[in-house]
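Chemist: Pasting final_35.txt here (compact mmCIF, C-alpha atoms and all ligand atoms):
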```
# COMPACT_ATOMS: atom_id res chain seq x y z
CA MET A 1 -13.86 -16.83 11.03
CA PHE A 2 -15.96 -14.28 12.94
CA ASP A 3 -13.55 -14.52 15.91
CA HIS A 4 -10.44 -14.13 13.78
CA PRO A 5 -8.28 -11.32 15.24
CA ASP A 6 -8.14 -9.57 11.84
CA TYR A 7 -11.80 -10.11 10.88
CA ASP A 8 -12.94 -6.60 11.85
CA GLY A 9 -16.49 -6.87 10.50
CA HIS A 10 -15.61 -7.84 6.93
CA GLU A 11 -18.72 -7.83 4.73
CA LYS A 12 -17.63 -10.90 2.81
CA VAL A 13 -14.70 -13.30 2.52
CA LEU A 14 -14.62 -15.65 -0.46
CA MET A 15 -12.38 -18.73 -0.43
CA VAL A 16 -11.76 -20.02 -3.93
CA GLU A 17 -10.31 -23.34 -5.01
CA ASP A 18 -10.34 -24.28 -8.68
CA ALA A 19 -9.22 -27.86 -9.24
CA MET A 20 -8.73 -27.48 -12.99
CA SER A 21 -6.18 -24.67 -12.80
CA GLY A 22 -4.88 -25.22 -9.26
CA LEU A 23 -5.97 -21.72 -8.17
CA LYS A 24 -6.28 -21.18 -4.44
CA ALA A 25 -7.28 -17.65 -3.56
CA ILE A 26 -9.01 -15.52 -0.94
CA ILE A 27 -11.00 -12.42 -1.82
CA ALA A 28 -11.75 -10.24 1.20
CA VAL A 29 -14.36 -7.47 0.97
CA HIS A 30 -14.01 -5.30 4.06
CA SER A 31 -16.44 -2.52 3.22
CA THR A 32 -18.59 -1.33 0.34
CA ALA A 33 -20.00 1.62 2.31
CA LEU A 34 -18.19 4.11 0.06
CA GLY A 35 -18.51 2.11 -3.17
CA ALA A 36 -17.26 -1.10 -4.78
CA ALA A 37 -14.40 -2.60 -2.78
CA ALA A 38 -11.21 -1.83 -4.69
CA GLY A 39 -7.78 -3.24 -3.92
CA GLY A 40 -5.04 -5.21 -5.56
CA CYS A 41 -4.37 -8.92 -5.86
CA ARG A 42 -1.20 -10.30 -4.26
CA LEU A 43 0.47 -13.54 -5.33
CA TRP A 44 2.72 -14.86 -2.60
CA GLY A 45 4.09 -18.18 -1.32
CA TYR A 46 2.45 -18.12 2.11
CA GLU A 47 3.60 -20.48 4.86
CA SER A 48 0.00 -21.60 5.40
CA GLY A 49 -3.60 -20.89 4.50
CA ALA A 50 -3.96 -19.12 7.86
CA ALA A 51 -1.12 -16.73 7.00
CA ALA A 52 -2.76 -15.98 3.64
CA LEU A 53 -6.10 -15.30 5.34
CA SER A 54 -4.54 -12.89 7.87
CA ASP A 55 -2.75 -11.06 5.08
CA ALA A 56 -5.93 -10.76 3.00
CA LEU A 57 -7.97 -9.48 5.96
CA ARG A 58 -5.36 -6.95 7.12
CA LEU A 59 -4.73 -5.66 3.60
CA SER A 60 -8.43 -5.44 2.84
CA ARG A 61 -9.21 -3.35 5.93
CA GLY A 62 -6.21 -1.20 5.04
CA MET A 63 -7.79 -0.56 1.63
CA SER A 64 -11.03 0.64 3.27
CA TYR A 65 -9.00 3.12 5.31
CA LYS A 66 -6.82 4.07 2.36
CA ASN A 67 -9.71 4.75 -0.02
CA ALA A 68 -11.65 6.65 2.65
CA MET A 69 -8.65 8.85 3.50
CA ALA A 70 -7.98 9.55 -0.18
CA ASN A 71 -11.64 10.67 -0.52
CA LEU A 72 -12.27 8.09 -3.24
CA PRO A 73 -15.78 6.75 -3.95
CA MET A 74 -14.55 3.22 -3.35
CA GLY A 75 -14.73 0.68 -0.56
CA GLY A 76 -11.93 -1.62 0.57
CA GLY A 77 -11.06 -5.13 -0.52
CA LYS A 78 -8.08 -7.25 -1.38
CA ALA A 79 -7.32 -10.62 -2.93
CA VAL A 80 -4.46 -13.03 -2.35
CA ILE A 81 -3.49 -15.95 -4.57
CA LEU A 82 -1.57 -18.67 -2.77
CA GLY A 83 1.68 -19.25 -4.64
CA PRO A 84 3.85 -20.39 -6.10
CA VAL A 85 2.15 -20.52 -9.48
CA GLY A 86 4.21 -22.20 -12.23
CA ALA A 87 4.71 -20.30 -15.48
CA ASP A 88 3.11 -23.18 -17.41
CA HIS A 89 -0.30 -22.77 -15.76
CA ARG A 90 -0.29 -19.07 -14.81
CA THR A 91 -2.75 -18.13 -17.57
CA LYS A 92 -5.26 -20.76 -16.38
CA VAL A 93 -4.86 -19.59 -12.76
CA MET A 94 -5.43 -15.95 -13.70
CA GLU A 95 -8.48 -16.89 -15.79
CA ALA A 96 -9.94 -18.82 -12.84
CA PHE A 97 -9.22 -15.86 -10.57
CA GLY A 98 -10.99 -13.57 -13.08
CA ARG A 99 -14.07 -15.81 -12.92
CA ALA A 100 -14.01 -15.66 -9.11
CA VAL A 101 -13.84 -11.85 -9.21
CA ASN A 102 -16.70 -11.84 -11.71
CA SER A 103 -18.85 -14.00 -9.40
CA LEU A 104 -18.94 -11.08 -6.95
CA ASN A 105 -20.81 -8.98 -9.55
CA GLY A 106 -18.79 -5.81 -9.02
CA GLN A 107 -18.62 -5.85 -5.22
CA TYR A 108 -14.84 -6.20 -5.66
CA ILE A 109 -12.60 -4.64 -8.34
CA THR A 110 -9.10 -6.06 -8.65
CA ALA A 111 -5.71 -4.58 -9.66
CA GLU A 112 -1.99 -5.34 -9.36
CA ASP A 113 -0.14 -5.91 -6.09
CA VAL A 114 3.05 -7.74 -5.14
CA GLY A 115 3.73 -10.65 -7.50
CA VAL A 116 1.06 -9.69 -10.04
CA GLY A 117 1.58 -7.45 -13.09
CA VAL A 118 -0.16 -5.81 -16.04
CA PRO A 119 -0.06 -9.00 -18.22
CA ASP A 120 -1.96 -10.84 -15.43
CA MET A 121 -4.59 -8.09 -15.33
CA GLU A 122 -4.99 -8.42 -19.08
CA ILE A 123 -5.70 -12.15 -18.70
CA ILE A 124 -8.13 -11.49 -15.80
CA ALA A 125 -9.89 -8.93 -18.03
CA THR A 126 -10.84 -11.72 -20.45
CA GLN A 127 -13.13 -13.10 -17.70
CA THR A 128 -14.46 -10.01 -15.92
CA LYS A 129 -14.92 -6.30 -16.39
CA PHE A 130 -14.24 -5.70 -12.68
CA VAL A 131 -10.51 -5.23 -13.19
CA SER A 132 -8.20 -2.21 -13.45
CA GLY A 133 -4.49 -1.61 -13.97
CA ILE A 134 -4.81 -2.20 -17.72
CA SER A 135 -2.47 -0.27 -20.05
CA ALA A 136 -3.90 2.98 -21.44
CA GLY A 137 -2.94 5.27 -24.34
CA ALA A 138 -0.53 8.23 -24.32
CA GLY A 139 -1.43 11.02 -21.87
CA LYS A 140 -3.69 8.65 -19.91
CA SER A 141 -2.90 6.87 -16.67
CA GLY A 142 -3.39 3.09 -16.52
CA GLY A 143 -1.40 -0.12 -16.36
CA ASP A 144 1.20 -0.33 -13.61
CA PRO A 145 0.12 1.97 -10.73
CA SER A 146 3.62 1.99 -9.16
CA PRO A 147 4.88 5.28 -10.68
CA TYR A 148 1.89 7.05 -9.10
CA THR A 149 2.43 5.28 -5.79
CA ALA A 150 6.07 6.39 -5.85
CA ARG A 151 5.10 9.97 -6.69
CA GLY A 152 2.71 10.02 -3.73
CA VAL A 153 5.38 8.62 -1.42
CA ARG A 154 7.85 11.30 -2.54
CA VAL A 155 5.22 14.00 -1.92
CA GLY A 156 4.53 12.42 1.50
CA ILE A 157 8.23 12.36 2.38
CA GLU A 158 8.38 16.07 1.52
CA SER A 159 5.51 16.68 3.93
CA ALA A 160 7.26 14.70 6.69
CA VAL A 161 10.48 16.62 6.06
CA ARG A 162 8.61 19.94 6.45
CA ALA A 163 6.98 18.73 9.67
CA ARG A 164 9.91 16.99 11.35
CA LEU A 165 13.01 18.67 9.93
CA GLY A 166 11.55 22.09 9.08
CA ARG A 167 13.08 21.89 5.61
CA PRO A 168 11.31 22.85 2.37
CA GLU A 169 13.01 20.31 0.11
CA LEU A 170 14.80 16.97 -0.11
CA ALA A 171 18.10 18.14 -1.64
CA GLY A 172 21.04 16.87 0.41
CA LEU A 173 18.98 14.57 2.64
CA LYS A 174 19.80 10.86 3.00
CA VAL A 175 17.08 8.28 2.41
CA ALA A 176 17.32 4.52 3.04
CA VAL A 177 15.02 2.63 0.67
CA GLN A 178 14.14 -0.93 1.74
CA GLY A 179 13.00 -2.91 -1.30
CA LEU A 180 13.65 -1.94 -4.92
CA GLY A 181 10.66 -3.49 -6.64
CA HIS A 182 8.11 -1.66 -8.77
CA VAL A 183 7.55 1.16 -6.30
CA GLY A 184 10.98 1.25 -4.64
CA MET A 185 12.85 1.79 -7.91
CA TYR A 186 10.47 4.54 -9.10
CA LEU A 187 10.78 6.13 -5.65
CA CYS A 188 14.57 6.13 -5.95
CA GLU A 189 14.18 7.95 -9.26
CA GLU A 190 11.86 10.56 -7.70
CA LEU A 191 14.21 11.09 -4.75
CA PHE A 192 17.34 11.19 -6.93
CA ASN A 193 15.71 13.84 -9.13
CA ALA A 194 14.89 15.83 -5.97
CA GLY A 195 18.57 15.80 -4.99
CA ALA A 196 18.45 13.22 -2.17
CA ASN A 197 21.28 10.73 -1.49
CA LEU A 198 20.23 7.09 -1.48
CA VAL A 199 21.12 4.02 0.56
CA VAL A 200 19.35 0.89 -0.69
CA ALA A 201 18.83 -2.82 -0.03
CA ASP A 202 16.98 -5.65 -1.75
CA ILE A 203 17.15 -9.43 -1.53
CA ASN A 204 17.68 -9.31 -5.30
CA PRO A 205 21.26 -8.11 -5.99
CA ALA A 206 20.39 -7.14 -9.58
CA ARG A 207 17.97 -4.50 -8.29
CA VAL A 208 20.66 -3.07 -6.00
CA ALA A 209 23.14 -2.97 -8.90
CA GLU A 210 20.56 -1.09 -11.00
CA ALA A 211 20.01 1.55 -8.26
CA GLN A 212 23.76 1.91 -7.86
CA SER A 213 24.36 2.54 -11.55
CA ARG A 214 21.31 4.76 -12.19
CA PHE A 215 21.24 6.83 -9.00
CA GLY A 216 24.70 6.45 -7.41
CA ALA A 217 23.00 4.68 -4.48
CA LEU A 218 25.00 2.97 -1.75
CA GLY A 219 24.00 -0.69 -1.44
CA VAL A 220 23.86 -2.23 2.05
CA SER A 221 22.71 -5.57 3.45
CA VAL A 222 18.98 -6.19 3.97
CA ASP A 223 19.68 -6.71 7.68
CA ASP A 224 21.19 -3.24 8.09
CA ILE A 225 19.02 -1.03 5.90
CA LEU A 226 16.59 0.13 8.62
CA THR A 227 19.33 1.23 11.02
CA GLN A 228 21.40 3.31 8.60
CA ASP A 229 22.54 6.78 9.64
CA VAL A 230 20.06 8.58 7.37
CA ASP A 231 17.33 11.22 7.68
CA ILE A 232 14.51 9.07 6.33
CA VAL A 233 13.77 5.34 6.15
CA ALA A 234 11.39 4.33 3.34
CA PRO A 235 10.04 0.74 3.74
CA CYS A 236 9.07 -0.40 0.23
CA ALA A 237 9.31 -4.21 0.54
CA LEU A 238 6.66 -6.31 2.25
CA GLY A 239 4.72 -5.36 5.41
CA ALA A 240 5.59 -5.67 9.11
CA THR A 241 9.27 -4.77 8.73
CA ILE A 242 9.01 -2.09 11.45
CA THR A 243 9.09 -4.47 14.39
CA GLU A 244 9.36 -3.24 17.98
CA TYR A 245 13.07 -4.07 17.82
CA ALA A 246 13.55 -2.10 14.58
CA ALA A 247 11.55 0.82 16.01
CA ARG A 248 14.01 1.01 18.92
CA TYR A 249 17.09 1.08 16.70
CA ILE A 250 16.06 3.19 13.72
CA ARG A 251 18.37 6.22 13.59
CA ALA A 252 16.37 8.23 11.04
CA GLN A 253 13.96 10.92 12.20
CA ILE A 254 11.30 9.92 9.68
CA VAL A 255 9.77 6.60 8.56
CA ALA A 256 7.80 7.11 5.34
CA GLY A 257 7.47 4.51 2.60
CA ALA A 258 5.18 2.55 0.29
CA ALA A 259 4.75 -0.82 2.00
CA ASN A 260 1.32 -1.76 3.32
CA ASN A 261 1.02 -2.58 7.04
CA GLN A 262 4.55 -1.39 7.85
CA LEU A 263 4.14 -1.54 11.63
CA ALA A 264 4.43 -5.14 12.87
CA THR A 265 2.45 -4.21 16.02
CA PRO A 266 0.72 -1.08 17.37
CA GLU A 267 3.48 -1.00 20.01
CA ALA A 268 6.07 -0.46 17.25
CA GLY A 269 4.22 2.75 16.35
CA ARG A 270 4.25 3.90 19.96
CA ILE A 271 8.00 3.24 20.25
CA LEU A 272 8.67 5.33 17.15
CA ALA A 273 6.61 8.19 18.59
CA GLU A 274 8.31 7.99 21.98
CA ARG A 275 11.66 8.26 20.21
CA ASP A 276 10.34 11.25 18.23
CA VAL A 277 10.58 9.41 14.92
CA LEU A 278 7.80 10.77 12.69
CA TYR A 279 5.83 7.96 11.03
CA ALA A 280 3.79 8.67 7.89
CA PRO A 281 0.71 6.37 8.13
CA ASP A 282 1.21 3.83 5.34
CA TYR A 283 -2.28 3.83 3.89
CA VAL A 284 -2.25 7.62 3.55
CA ILE A 285 1.18 8.00 1.95
CA ASN A 286 0.89 5.01 -0.41
CA ALA A 287 -2.51 5.89 -1.93
CA GLY A 288 -1.08 7.12 -5.27
CA GLY A 289 -1.67 3.79 -7.03
CA ILE A 290 -5.29 3.45 -5.97
CA ILE A 291 -5.91 7.10 -6.91
CA MET A 292 -4.71 6.15 -10.40
CA VAL A 293 -6.96 3.07 -10.36
CA ASN A 294 -9.93 5.28 -9.42
CA GLY A 295 -9.12 7.52 -12.39
CA GLU A 296 -9.15 4.45 -14.62
CA ILE A 297 -12.43 3.10 -13.22
CA SER A 298 -14.19 6.47 -13.38
CA GLY A 299 -12.89 7.21 -16.88
CA ASN A 300 -11.16 10.38 -15.65
CA ASN A 301 -7.64 9.15 -16.30
CA ASP A 302 -5.92 12.14 -17.81
CA SER A 303 -2.35 11.82 -16.46
CA ALA A 304 -2.12 15.44 -15.31
CA VAL A 305 -5.44 15.23 -13.43
CA VAL A 306 -4.40 11.98 -11.71
CA ALA A 307 -0.98 13.46 -10.79
CA GLU A 308 -2.72 16.46 -9.19
CA ALA A 309 -4.94 14.14 -7.14
CA VAL A 310 -1.86 12.18 -6.03
CA ASP A 311 -0.12 15.40 -4.96
CA ALA A 312 -3.00 16.06 -2.53
CA ILE A 313 -1.40 13.35 -0.35
CA GLY A 314 1.04 16.07 0.80
CA PRO A 315 -1.52 18.46 2.36
CA ARG A 316 -3.41 15.46 3.80
CA LEU A 317 -0.29 14.35 5.66
CA ASP A 318 0.46 17.96 6.71
CA LEU A 319 -2.94 17.90 8.46
CA ILE A 320 -2.32 14.54 10.16
CA PHE A 321 1.13 15.60 11.38
CA ALA A 322 -0.23 18.91 12.70
CA GLU A 323 -3.12 17.21 14.51
CA ALA A 324 -0.85 14.55 16.01
CA LYS A 325 1.41 17.30 17.33
CA SER A 326 -1.32 19.54 18.71
CA GLU A 327 -3.33 16.69 20.29
CA ASN A 328 -0.24 14.73 21.36
CA VAL A 329 -1.55 11.59 19.65
CA ILE A 330 0.55 9.33 17.44
CA THR A 331 0.21 9.80 13.69
CA ASN A 332 -1.17 6.37 12.82
CA GLU A 333 -3.84 6.68 15.52
CA VAL A 334 -4.86 10.10 14.16
CA ALA A 335 -5.22 8.55 10.68
CA ASP A 336 -7.16 5.53 12.03
CA LEU A 337 -9.62 7.82 13.84
CA MET A 338 -10.15 9.93 10.71
CA ALA A 339 -10.62 6.86 8.49
CA LYS A 340 -13.03 5.17 10.92
CA ALA A 341 -15.10 8.36 11.18
CA LYS A 342 -15.39 8.58 7.40
CA LEU A 343 -16.44 4.91 7.15
CA ARG A 344 -18.97 5.29 9.97
CA ALA A 345 -20.52 8.32 8.27
CA ALA A 346 -20.69 6.44 4.95
CA ARG A 347 -22.33 3.40 6.60
CA GLN A 348 -24.90 5.62 8.31
CA ALA A 349 -25.64 7.49 5.08
CA LYS A 350 -26.07 4.15 3.25
CA ALA A 351 -28.37 2.78 5.95
CA HIS A 352 -30.42 5.98 5.81
CA THR A 353 -30.72 5.79 2.02
CA THR A 354 -31.82 2.15 2.27
CA LEU A 355 -34.43 3.02 4.91
CA VAL A 356 -35.79 5.92 2.85
CA ALA A 357 -35.91 3.73 -0.26
P1 LIG A 401 7.44 -5.66 -5.68
O1 LIG A 401 7.18 -7.09 -5.44
O2 LIG A 401 7.62 -5.17 -7.07
O3 LIG A 401 8.76 -5.22 -4.86
C1 LIG A 401 9.09 -5.67 -3.59
C2 LIG A 401 10.62 -5.67 -3.55
O4 LIG A 401 11.03 -5.89 -2.20
C3 LIG A 401 11.26 -6.75 -4.42
O5 LIG A 401 12.28 -6.18 -5.22
C4 LIG A 401 11.82 -7.73 -3.39
O6 LIG A 401 12.99 -8.40 -3.85
C5 LIG A 401 12.12 -6.80 -2.23
N1 LIG A 401 12.22 -7.44 -0.92
C6 LIG A 401 11.47 -8.43 -0.39
N2 LIG A 401 11.86 -8.70 0.87
C7 LIG A 401 12.85 -7.83 1.16
C8 LIG A 401 13.64 -7.59 2.31
N3 LIG A 401 13.50 -8.30 3.43
N4 LIG A 401 14.55 -6.59 2.26
C9 LIG A 401 14.73 -5.86 1.14
N5 LIG A 401 14.01 -6.06 0.02
C10 LIG A 401 13.08 -7.02 0.03
O7 LIG A 401 6.28 -4.86 -4.93
P2 LIG A 401 5.82 -3.34 -5.14
O8 LIG A 401 4.69 -3.30 -6.07
O9 LIG A 401 7.01 -2.49 -5.40
O10 LIG A 401 5.24 -3.00 -3.69
C11 LIG A 401 6.10 -2.75 -2.59
C12 LIG A 401 5.25 -2.49 -1.35
O11 LIG A 401 4.41 -1.37 -1.56
C13 LIG A 401 4.32 -3.66 -0.98
O12 LIG A 401 4.21 -3.72 0.41
C14 LIG A 401 2.99 -3.24 -1.60
O13 LIG A 401 1.89 -3.83 -0.94
C15 LIG A 401 3.06 -1.74 -1.36
N6 LIG A 401 2.22 -0.99 -2.29
C16 LIG A 401 2.42 -1.09 -3.64
C17 LIG A 401 1.64 -0.34 -4.50
C18 LIG A 401 1.90 -0.34 -5.97
O14 LIG A 401 1.42 0.58 -6.66
N7 LIG A 401 2.67 -1.30 -6.51
C19 LIG A 401 0.56 0.51 -4.01
C20 LIG A 401 0.48 0.60 -2.55
C21 LIG A 401 1.27 -0.16 -1.75
```
Just dump the structure as structure tokens.

Modeler:
Amino acid sequence: MFDHPDYDGHEKVLMVEDAMSGLKAIIAVHSTALGAAAGGCRLWGYESGAAALSDALRLSRGMSYKNAMANLPMGGGKAVILGPVGADHRTKVMEAFGRAVNSLNGQYITAEDVGVGVPDMEIIATQTKFVSGISAGAGKSGGDPSPYTARGVRVGIESAVRARLGRPELAGLKVAVQGLGHVGMYLCEELFNAGANLVVADINPARVAEAQSRFGALGVSVDDILTQDVDIVAPCALGATITEYAARYIRAQIVAGAANNQLATPEAGRILAERDVLYAPDYVINAGGIIMVNGEISGNNDSAVVAEAVDAIGPRLDLIFAEAKSENVITNEVADLMAKAKLRAARQAKAHTTLVA
């Protein structure tokens, strides 16, 4: 484990197997230097336990960087449940997962991610208080974080458009959205309302049909979505879709979307930069959902206040794009350096407090 290429100094990794319910899960706690490790739970049919472990570790480190960059008082963690989970025993699986989260005594706080929704969180909440993403009343944020993630991505795309295209707004621009799940569909709505033209793809044809009828989107095949003749590509499916091959053939001038770990390799990021394609670092642009979760955890979940915090993603990206340009460094490396510096400072401050105490 300690030699695993994605281990990166994780504070704790919990492997859970519950024979009664059939739950198999991994909870990865990358860092609690800034606070309890917060990050969603993903349910996915992994090819192997090793693939699930890599995903958990990479996503968990990403959450440390994401929370640090969003200036949230939260560390980074993530959970994965190894699917599939049959509908007949889903409740038992979620209850067992809730007990596993509870066993960490607040070091990790869970929420929704791919494959897991608000009803699951409500089951988990019967076993632990260390859970978020639960529905809230009118005027309050809570429940599904995707609308806030989509809002942040739209704000981030606007920032990229200012930086790369020198344009103040999205009206008339073409955006290719890969993946029309929770975030992708809300993002289409945000972009449509801002006057953008949409090209979309999803492995689920019903989602494509919905985007076509609601937003006049053009549906294309999942194999062609990244290489469309558009201004912006927004990856909103799973991670690692920007391979080195894709990076060479993308025709858009901007890549900015919601998916976690969009770049399959660091080299893919370098190829984009060499081709002058501006990449919005994923964990900066997609922080809207976790900003909502922080509002829920801290009790400051007035919708307008949360929306304002999400909109701060725009100026944050403006800064990253400006620094990348002036220092001639690629955008994701600028973000990594900033995030690592924040985590290092938090670790040092924590060590100092412990010493003084
Ligand atoms: P989701 O599971 O609701 O949607 C994913 C969509 O992508 C589905 O409609 C699926 O059919 C589609 N898809 C899968 N493979 C595809 C392919 N090869 N080509 C085209 N479409 C494909 O997930 P959700 O919640 O919308 O998340 C999307 C991405 O954003 C994930 O990477 C997630 O980790 C990330 N994210 C989500 C947040 C949230 O608030 N839900 C917050 C931050 C990141």

Chemist: At what distance in Å, to one decimal, does atom CA of A:Val114 lie from atom CA of A:Ile271?

Modeler: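 Separating atom CA of A:Ile271 from atom CA of A:Val114 is a distance of 28.1 Å.
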
Chemist: 9 Å from ligand LIG 401 (chain A) is the threshold here; counting all atoms listed in the file, which polymer residues fall inside it? Answer as number ranges by chain.

Modeler: A: 40, 42, 59, 112-117, 144-150, 177-186, 200-205, 207-208, 221-223, 225, 235-239, 241, 257-262, 282-283, 285-290

Chemist: Please determine, counting only C-alpha atoms, which residue among A:Leu23, A:Ile320, A:Leu104, A:Leu34 has the shortest atom-to-atom distance to A:Gly83.

Modeler: A:Leu23

Chemist: Up to 10 Å from (11.4, 0.2, 14.5) in the file's coordinates: name the residues, counting all atoms listed in the file, as a list of chain:residue names.

Modeler: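 Taken together, the residues in range are A:Leu226, A:Thr227, A:Ala240, A:Thr241, A:Ile242, A:Thr243, A:Glu244, A:Tyr245, A:Ala246, A:Ala247, A:Arg248, A:Tyr249, A:Ile250, A:Arg251, A:Val255, A:Gln262, A:Leu263, A:Ala264, A:Glu267, A:Ala268, A:Gly269, A:Arg270, A:Ile271, A:Leu272, A:Arg275, A:Val277.
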
Chemist: Any idea what's packed within 8 Å of A:Ala335, counting all atoms listed in the file, ignoring anything in its chain fewer than 2 positions away? Could you give it as a list in words?

Modeler: Met69, Pro281, Val284, Ile320, Thr331, Asn332, Glu333, Leu337, Met338 and Ala339 of chain A

Chemist: For the residues in the current selection, export C-alpha atoms as a PDB file, in the coordinates of the input.

Modeler:
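Writing done, so here's part_38.pdb:
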```
ATOM      1  CA  MET A  69      -8.650   8.850   3.500  1.00  0.00           C
ATOM      2  CA  PRO A 281       0.710   6.370   8.130  1.00  0.00           C
ATOM      3  CA  VAL A 284      -2.250   7.620   3.550  1.00  0.00           C
ATOM      4  CA  ILE A 320      -2.320  14.540  10.160  1.00  0.00           C
ATOM      5  CA  THR A 331       0.210   9.800  13.690  1.00  0.00           C
ATOM      6  CA  ASN A 332      -1.170   6.370  12.820  1.00  0.00           C
ATOM      7  CA  GLU A 333      -3.840   6.680  15.520  1.00  0.00           C
ATOM      8  CA  LEU A 337      -9.620   7.820  13.840  1.00  0.00           C
ATOM      9  CA  MET A 338     -10.150   9.930  10.710  1.00  0.00           C
ATOM     10  CA  ALA A 339     -10.620   6.860   8.490  1.00  0.00           C
TER      11      ALA A 339
END
```

Chemist: A:Leu43, A:Val220, A:Leu191, A:Ala138: which is nearest A:Gly86, counting only C-alpha atoms?

Modeler: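 Distance minimum relative to A:Gly86 lands on A:Leu43.
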
Chemist: Please, what distance in Å, to one decimal, runs between atom CA of A:Asp224 and atom CA of A:Val199?

Modeler: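 Separating atom CA of A:Asp224 from atom CA of A:Val199 is a distance of 10.5 Å.
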
Chemist: Closest to A:Val310 among A:Arg154, A:Lys129, A:Lys78, A:Arg61, using all atoms listed in the file?

Modeler: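 Looking only at the distances to A:Val310, the closest residue turns out to be A:Arg154.
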
Chemist: Just give me the residues with any atom within 9 Å of (-9.3, -0.6, -2.8), file coordinates, counting only C-alpha atoms, written as a PyMOL selection string.

Modeler: chain A and resi 36-40+60+62-67+74-78+108-111+290+293-294

Chemist: Once N, CA, C and O atoms are restored for stretch 204-215 of chain A, what would the output be as a PDB file, in the frame of the given file?

Modeler:
```
ATOM      1  N   ASN A 204      17.260  -9.039  -3.921  1.00  0.00           N
ATOM      2  CA  ASN A 204      17.680  -9.310  -5.300  1.00  0.00           C
ATOM      3  C   ASN A 204      18.861  -8.398  -5.656  1.00  0.00           C
ATOM      4  O   ASN A 204      18.680  -7.187  -5.844  1.00  0.00           O
ATOM      5  N   PRO A 205      20.086  -8.954  -5.763  1.00  0.00           N
ATOM      6  CA  PRO A 205      21.260  -8.110  -5.990  1.00  0.00           C
ATOM      7  C   PRO A 205      21.193  -7.320  -7.307  1.00  0.00           C
ATOM      8  O   PRO A 205      21.768  -6.232  -7.406  1.00  0.00           O
ATOM      9  N   ALA A 206      20.470  -7.854  -8.302  1.00  0.00           N
ATOM     10  CA  ALA A 206      20.390  -7.140  -9.580  1.00  0.00           C
ATOM     11  C   ALA A 206      19.679  -5.794  -9.413  1.00  0.00           C
ATOM     12  O   ALA A 206      20.024  -4.801 -10.068  1.00  0.00           O
ATOM     13  N   ARG A 207      18.696  -5.762  -8.518  1.00  0.00           N
ATOM     14  CA  ARG A 207      17.970  -4.500  -8.290  1.00  0.00           C
ATOM     15  C   ARG A 207      18.895  -3.486  -7.617  1.00  0.00           C
ATOM     16  O   ARG A 207      18.872  -2.295  -7.931  1.00  0.00           O
ATOM     17  N   VAL A 208      19.716  -3.963  -6.683  1.00  0.00           N
ATOM     18  CA  VAL A 208      20.660  -3.070  -6.000  1.00  0.00           C
ATOM     19  C   VAL A 208      21.657  -2.521  -7.026  1.00  0.00           C
ATOM     20  O   VAL A 208      21.936  -1.309  -7.057  1.00  0.00           O
ATOM     21  N   ALA A 209      22.162  -3.403  -7.888  1.00  0.00           N
ATOM     22  CA  ALA A 209      23.140  -2.970  -8.900  1.00  0.00           C
ATOM     23  C   ALA A 209      22.505  -1.901  -9.807  1.00  0.00           C
ATOM     24  O   ALA A 209      23.158  -0.914 -10.169  1.00  0.00           O
ATOM     25  N   GLU A 210      21.231  -2.085 -10.134  1.00  0.00           N
ATOM     26  CA  GLU A 210      20.560  -1.090 -11.000  1.00  0.00           C
ATOM     27  C   GLU A 210      20.486   0.272 -10.297  1.00  0.00           C
ATOM     28  O   GLU A 210      20.781   1.303 -10.895  1.00  0.00           O
ATOM     29  N   ALA A 211      20.114   0.269  -9.000  1.00  0.00           N
ATOM     30  CA  ALA A 211      20.010   1.550  -8.260  1.00  0.00           C
ATOM     31  C   ALA A 211      21.382   2.195  -8.113  1.00  0.00           C
ATOM     32  O   ALA A 211      21.508   3.425  -8.140  1.00  0.00           O
ATOM     33  N   GLN A 212      22.406   1.370  -7.972  1.00  0.00           N
ATOM     34  CA  GLN A 212      23.760   1.910  -7.860  1.00  0.00           C
ATOM     35  C   GLN A 212      24.152   2.607  -9.162  1.00  0.00           C
ATOM     36  O   GLN A 212      24.649   3.730  -9.153  1.00  0.00           O
ATOM     37  N   SER A 213      23.890   1.948 -10.295  1.00  0.00           N
ATOM     38  CA  SER A 213      24.360   2.540 -11.550  1.00  0.00           C
ATOM     39  C   SER A 213      23.475   3.707 -11.987  1.00  0.00           C
ATOM     40  O   SER A 213      23.977   4.681 -12.534  1.00  0.00           O
ATOM     41  N   ARG A 214      22.177   3.655 -11.717  1.00  0.00           N
ATOM     42  CA  ARG A 214      21.310   4.760 -12.190  1.00  0.00           C
ATOM     43  C   ARG A 214      21.325   5.966 -11.264  1.00  0.00           C
ATOM     44  O   ARG A 214      21.201   7.103 -11.712  1.00  0.00           O
ATOM     45  N   PHE A 215      21.434   5.713  -9.948  1.00  0.00           N
ATOM     46  CA  PHE A 215      21.240   6.830  -9.000  1.00  0.00           C
ATOM     47  C   PHE A 215      22.425   7.022  -8.062  1.00  0.00           C
ATOM     48  O   PHE A 215      22.320   7.781  -7.087  1.00  0.00           O
TER      49      PHE A 215
END
```
